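Below is work39.csv, which holds CSV, C-alpha atoms and all ligand atoms.
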```csv
chain,number,residue,atom,x,y,z
A,1,MET,CA,52.3,84.4,76.0
A,2,ARG,CA,55.1,86.9,76.6
A,3,VAL,CA,55.4,87.1,80.4
A,4,ALA,CA,58.0,89.9,80.0
A,5,ALA,CA,55.2,92.2,78.8
A,6,PHE,CA,53.5,92.0,82.2
A,7,LEU,CA,56.7,92.5,84.3
A,8,PRO,CA,56.7,96.3,84.4
A,9,GLU,CA,53.0,96.3,85.4
A,10,LEU,CA,53.6,93.7,88.0
A,11,LEU,CA,56.6,95.5,89.5
A,12,ARG,CA,54.8,98.8,89.6
A,13,HIS,CA,52.0,97.2,91.7
A,14,LEU,CA,54.4,95.4,94.0
A,15,PHE,CA,55.4,98.7,95.5
A,16,LYS,CA,52.1,100.5,95.5
A,17,LYS,CA,49.8,100.8,98.5
A,18,PRO,CA,46.8,98.5,98.4
A,19,ALA,CA,43.7,100.2,97.0
A,20,THR,CA,41.4,98.4,99.5
A,21,VAL,CA,41.3,98.4,103.3
A,22,ASP,CA,41.2,95.3,105.5
A,23,TYR,CA,37.5,95.8,106.3
A,24,PRO,CA,36.0,95.1,108.9
A,25,PHE,CA,39.3,95.2,110.8
A,26,LYS,CA,40.1,98.6,109.4
A,27,LYS,CA,37.6,101.3,108.6
A,28,LEU,CA,37.6,103.8,105.8
A,29,GLU,CA,37.4,107.5,106.7
A,30,VAL,CA,34.2,108.8,105.0
A,31,PRO,CA,34.2,112.2,103.2
A,32,ALA,CA,33.1,115.2,105.3
A,33,ASN,CA,29.8,115.5,103.4
A,34,PHE,CA,29.0,111.8,103.4
A,35,ARG,CA,25.3,111.1,103.7
A,36,GLY,CA,24.7,108.5,106.4
A,37,THR,CA,21.5,108.2,108.5
A,38,PRO,CA,19.1,111.1,109.2
A,39,TYR,CA,18.2,111.9,112.8
A,40,LEU,CA,16.2,114.4,114.6
A,41,ARG,CA,17.2,117.0,117.2
A,42,PRO,CA,13.8,117.2,118.7
A,43,GLU,CA,14.5,120.3,120.8
A,44,LEU,CA,14.8,122.3,117.5
A,45,CYS,CA,11.8,120.8,115.6
A,46,ILE,CA,8.9,123.2,114.9
A,47,VAL,CA,6.9,120.4,113.2
A,48,CYS,CA,6.6,122.3,109.9
A,49,ARG,CA,6.5,118.8,108.2
A,50,ALA,CA,8.7,120.0,105.3
A,51,CYS,CA,11.0,116.9,105.8
A,52,GLU,CA,8.0,114.6,105.7
A,53,ARG,CA,6.5,116.3,102.6
A,54,ASP,CA,9.8,116.3,100.6
A,55,CYS,CA,11.2,112.9,101.5
A,56,PRO,CA,11.1,111.0,98.1
A,57,ALA,CA,11.0,107.6,99.9
A,58,GLU,CA,8.2,108.5,102.3
A,59,ALA,CA,10.5,107.5,105.1
A,60,ILE,CA,9.4,110.1,107.6
A,61,GLU,CA,6.2,110.1,109.5
A,62,ILE,CA,5.0,112.8,111.9
A,63,MET,CA,1.9,112.4,114.0
A,64,ALA,CA,0.3,114.3,116.8
A,65,VAL,CA,0.4,112.5,120.2
A,66,ASN,CA,-1.4,115.3,122.1
A,67,GLU,CA,-2.4,118.4,120.2
A,68,ALA,CA,-3.2,120.4,123.3
A,69,GLU,CA,0.3,119.8,124.7
A,70,LYS,CA,1.9,120.3,121.3
A,71,ARG,CA,3.4,116.8,121.6
A,72,PHE,CA,4.4,115.0,118.5
A,73,ARG,CA,6.0,111.8,117.4
A,74,MET,CA,8.4,111.5,114.4
A,75,VAL,CA,9.4,108.1,113.0
A,76,ILE,CA,12.2,107.7,110.5
A,77,HIS,CA,12.0,104.5,108.6
A,78,ASN,CA,15.6,103.8,107.8
A,79,ASP,CA,14.7,100.7,105.9
A,80,ARG,CA,13.1,103.0,103.3
A,81,CYS,CA,15.6,105.8,103.5
A,82,ILE,CA,17.7,106.4,100.4
A,83,HIS,CA,20.2,108.7,102.1
A,84,CYS,CA,19.5,111.6,99.8
A,85,ALA,CA,19.6,114.2,102.7
A,86,GLN,CA,16.6,116.1,101.1
A,87,CYS,CA,15.0,116.2,104.6
A,88,VAL,CA,18.1,118.1,105.9
A,89,ASP,CA,18.0,120.5,103.0
A,90,SER,CA,14.2,121.1,103.5
A,91,CYS,CA,14.4,121.7,107.2
A,92,PRO,CA,14.1,125.5,107.8
A,93,THR,CA,15.4,125.8,111.3
A,94,THR,CA,18.8,127.2,112.2
A,95,PRO,CA,20.5,125.1,113.4
A,96,LYS,CA,18.7,122.3,111.6
A,97,ALA,CA,16.4,120.1,113.5
A,98,MET,CA,17.0,117.4,110.9
A,99,GLN,CA,20.6,116.2,110.7
A,100,ILE,CA,22.5,113.4,109.0
A,101,ASP,CA,25.3,111.4,110.5
A,102,SER,CA,28.2,109.6,108.8
A,103,LEU,CA,27.5,106.1,109.9
A,104,TYR,CA,27.4,103.4,107.2
A,105,GLU,CA,27.1,100.1,109.0
A,106,LEU,CA,23.3,99.9,109.3
A,107,ALA,CA,22.6,96.3,108.6
A,108,ALA,CA,20.0,94.5,110.8
A,109,ASP,CA,18.3,91.2,110.7
A,110,ASP,CA,14.9,92.8,110.9
A,111,ARG,CA,13.9,95.9,109.0
A,112,HIS,CA,11.8,97.1,112.0
A,113,LYS,CA,15.0,97.5,114.0
A,114,LEU,CA,16.0,100.2,111.6
A,115,LYS,CA,13.1,102.4,112.7
A,116,LYS,CA,14.0,105.4,114.9
A,117,ASP,CA,11.4,107.5,116.7
A,118,TRP,CA,11.2,110.5,118.9
A,119,VAL,CA,8.3,111.9,121.0
A,120,TYR,CA,8.7,115.5,121.8
A,121,VAL,CA,7.1,118.9,122.4
A,122,ARG,CA,7.1,121.2,119.4
A,123,ALA,CA,9.9,123.9,119.5
A,124,VAL,CA,9.1,127.5,119.0
A,125,MET,CA,11.0,129.2,116.1
A,126,LYS,CA,12.8,132.2,117.4
A,127,PRO,CA,11.8,135.4,115.5
A,128,LYS,CA,14.6,136.9,113.5
A,129,PRO,CA,16.0,140.1,115.0
A,130,ALA,CA,14.4,143.2,113.4
A,131,ALA,CA,16.5,145.1,110.9
A,132,PRO,CA,17.7,148.4,112.4
A,133,ALA,CA,15.5,151.4,111.4
A,134,LYS,CA,17.0,153.5,108.6
A,135,GLU,CA,17.8,157.1,109.5
A,136,PRO,CA,16.1,159.7,107.3
A,137,ALA,CA,18.4,161.1,104.6
A,138,PRO,CA,19.6,164.6,105.5
A,139,GLU,CA,17.8,167.4,103.6
A,140,SER,CA,19.9,169.3,101.1
B,1,LIG,S1,17.6,111.1,103.7
B,1,LIG,FE1,16.2,111.3,101.9
B,1,LIG,S2,15.1,109.3,101.9
B,1,LIG,FE2,16.1,109.5,103.9
B,1,LIG,S3,14.6,110.3,105.3
B,1,LIG,FE3,15.8,112.0,104.4
B,1,LIG,S4,14.6,112.7,102.6
B,1,LIG,FE4,13.9,110.7,103.2
B,2,LIG,S1,12.7,118.3,111.3
B,2,LIG,FE1,12.8,120.3,110.4
B,2,LIG,S2,11.6,120.0,108.5
B,2,LIG,FE2,11.1,118.3,109.8
B,2,LIG,S3,9.3,118.9,110.9
B,2,LIG,FE3,11.0,119.4,112.2
B,2,LIG,S4,11.5,121.6,111.7
B,2,LIG,FE4,10.2,120.8,110.0
```

Go through the file and emit its structure as structure tokens.
Amino acid sequence: MRVAAFLPELLRHLFKKPATVDYPFKKLEVPANFRGTPYLRPELCIVCRACERDCPAEAIEIMAVNEAEKRFRMVIHNDRCIHCAQCVDSCPTTPKAMQIDSLYELAADDRHKLKKDWVYVRAVMKPKPAAPAKEPAPES
């Protein structure tokens, strides 16, 4: 085998930065639009159930706790979640009641520990401000 053939390649890599990081001692910066774990901002949720309907993994459950008090419970089953962020896209509120973080260290020794839940009172969607009335066009 001709070792000399490998020398240029070897030398080139000797002076290059490593392609990997020393995980878990060093962490990688995730990209700005990284899809981590979904979570709810309950004070914004109008319980339209769009997130529950559109989740392809059936990872979101919404149930009434007390209809009269408009109190609901949402559970996100992170052991089922495939981190697609469809729930965030489907959420109609501004700002979005459904958000996604950039965490990626989610391992647990029991899948039930990955479950997150919130009990909250349904928010009221603020009506959009009415468009200003148009002035009649001047008669010619
Ligand atoms: S990120 Fe995707 S899979 Fe996870 S809860 Fe949202 S819609 Fe479901
Ligand atoms: S989180 Fe958003 S999409 Fe889901 S029920 Fe609440 S308002 Fe609707």

Report summary line: note - CA of Ala107 (chain A) and CA of Glu52 (chain A) are separated by 23.6 Å

Query - Contacts of region 112-129 of chain A within 7 Å, only C-alpha atoms, excl. fewer than 6 positions in-chain, as a PyMOL selection string - result: chain A and resi 42-47+70-79

**Report entry** Residue nearest ligand LIG 1 (chain B) among A:Ala130, A:Ala108, A:Ile82, A:Ala68 (counting only C-alpha atoms and all ligand atoms)
**Finding:**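 Answer, going by the shortest atom-to-atom distance: A:Ile82.
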
Show me a table, sorted first by chain and then by increasing residue number, of the residues of chain A having an atom at most 8 Å from ligand LIG 2 (chain B), each with its shortest atom pair and the distance in Å to one decimal, counting all atoms listed in the file and written as CSV.
```
residue,atom,partner,partner_atom,distance
A:Leu40,CA,B:LIG2,S1,6.2
A:Arg41,CA,B:LIG2,S1,7.5
A:Pro42,CA,B:LIG2,FE3,7.4
A:Leu44,CA,B:LIG2,S4,6.7
A:Cys45,CA,B:LIG2,FE3,3.8
A:Ile46,CA,B:LIG2,S4,4.4
A:Val47,CA,B:LIG2,S3,3.6
A:Cys48,CA,B:LIG2,FE4,3.9
A:Arg49,CA,B:LIG2,S3,3.9
A:Ala50,CA,B:LIG2,S2,4.3
A:Cys51,CA,B:LIG2,S2,4.2
A:Glu52,CA,B:LIG2,FE2,6.3
A:Ile62,CA,B:LIG2,S3,7.5
A:Cys87,CA,B:LIG2,S2,6.4
A:Val88,CA,B:LIG2,S2,7.3
A:Ser90,CA,B:LIG2,S2,5.7
A:Cys91,CA,B:LIG2,S2,3.5
A:Pro92,CA,B:LIG2,FE1,6.0
A:Thr93,CA,B:LIG2,S4,5.7
A:Lys96,CA,B:LIG2,FE1,6.3
A:Ala97,CA,B:LIG2,S1,4.7
A:Met98,CA,B:LIG2,S1,4.4
```

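Minimum distance to ligand LIG 1 (chain B) across A:Ala64, A:Ala131, A:Val21, A:Ala59 (counting only C-alpha atoms and all ligand atoms) occurs at A:Ala59.
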
Requested in this report: For atom FE4 of ligand LIG 1 (chain B) and CA of Ala85 (chain A), determine how far apart the two atoms are, in Å to one decimal place.
Outcome: 6.7 Å

Requested in this report: Quick one: everything within 9 Å of Pro56 (chain A), counting only C-alpha atoms, minus sequence neighbours fewer than 5 positions away in the same chain. Send it as a list of chain:residue names.
Outcome: A:Cys81, A:Ile82, A:Cys84, A:Gln86

Query raised in the report: What is the distance between CA of Asp101 (chain A) and CA of Lys27 (chain A), in Å to one decimal?
Result: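 The value is 16.0 Å.
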
**Report entry** Top pick for closest residue to Pro38 (chain A), considering A:Glu69, A:Glu135, A:Asp109, A:Asp89 and counting all atoms listed in the file
**Finding:** A:Asp89

Query raised in the report: Which one is closest to Gln99 (chain A): A:Val65, A:Thr37, A:Ala133, A:Ala5? Count all atoms listed in the file.
Result: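 Of A:Val65, A:Thr37, A:Ala133, A:Ala5, the one nearest Gln99 (chain A) is A:Thr37, counting all atoms listed in the file.
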
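With distances restricted to all atoms listed in the file, A:Cys55 is the closest residue to ligand LIG 1 (chain B) from A:Pro18, A:Cys55, A:Lys134, A:Phe25.
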
Report task. Using all atoms listed in the file, pick whichever of A:Pro24, A:Pro95, A:Gly36, A:Pro31 has the shortest atom-to-atom distance to ligand LIG 1 (chain B). Result ->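 Of all the options, A:Gly36 lies closest to ligand LIG 1 (chain B).
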
Report task. Select all residues near (27.7, 111.0, 103.5) (cut-off 8 Å, inclusive, file coordinates), counting only C-alpha atoms, and output them as a PyMOL selection string. Result -> chain A and resi 30-36+83+100-102
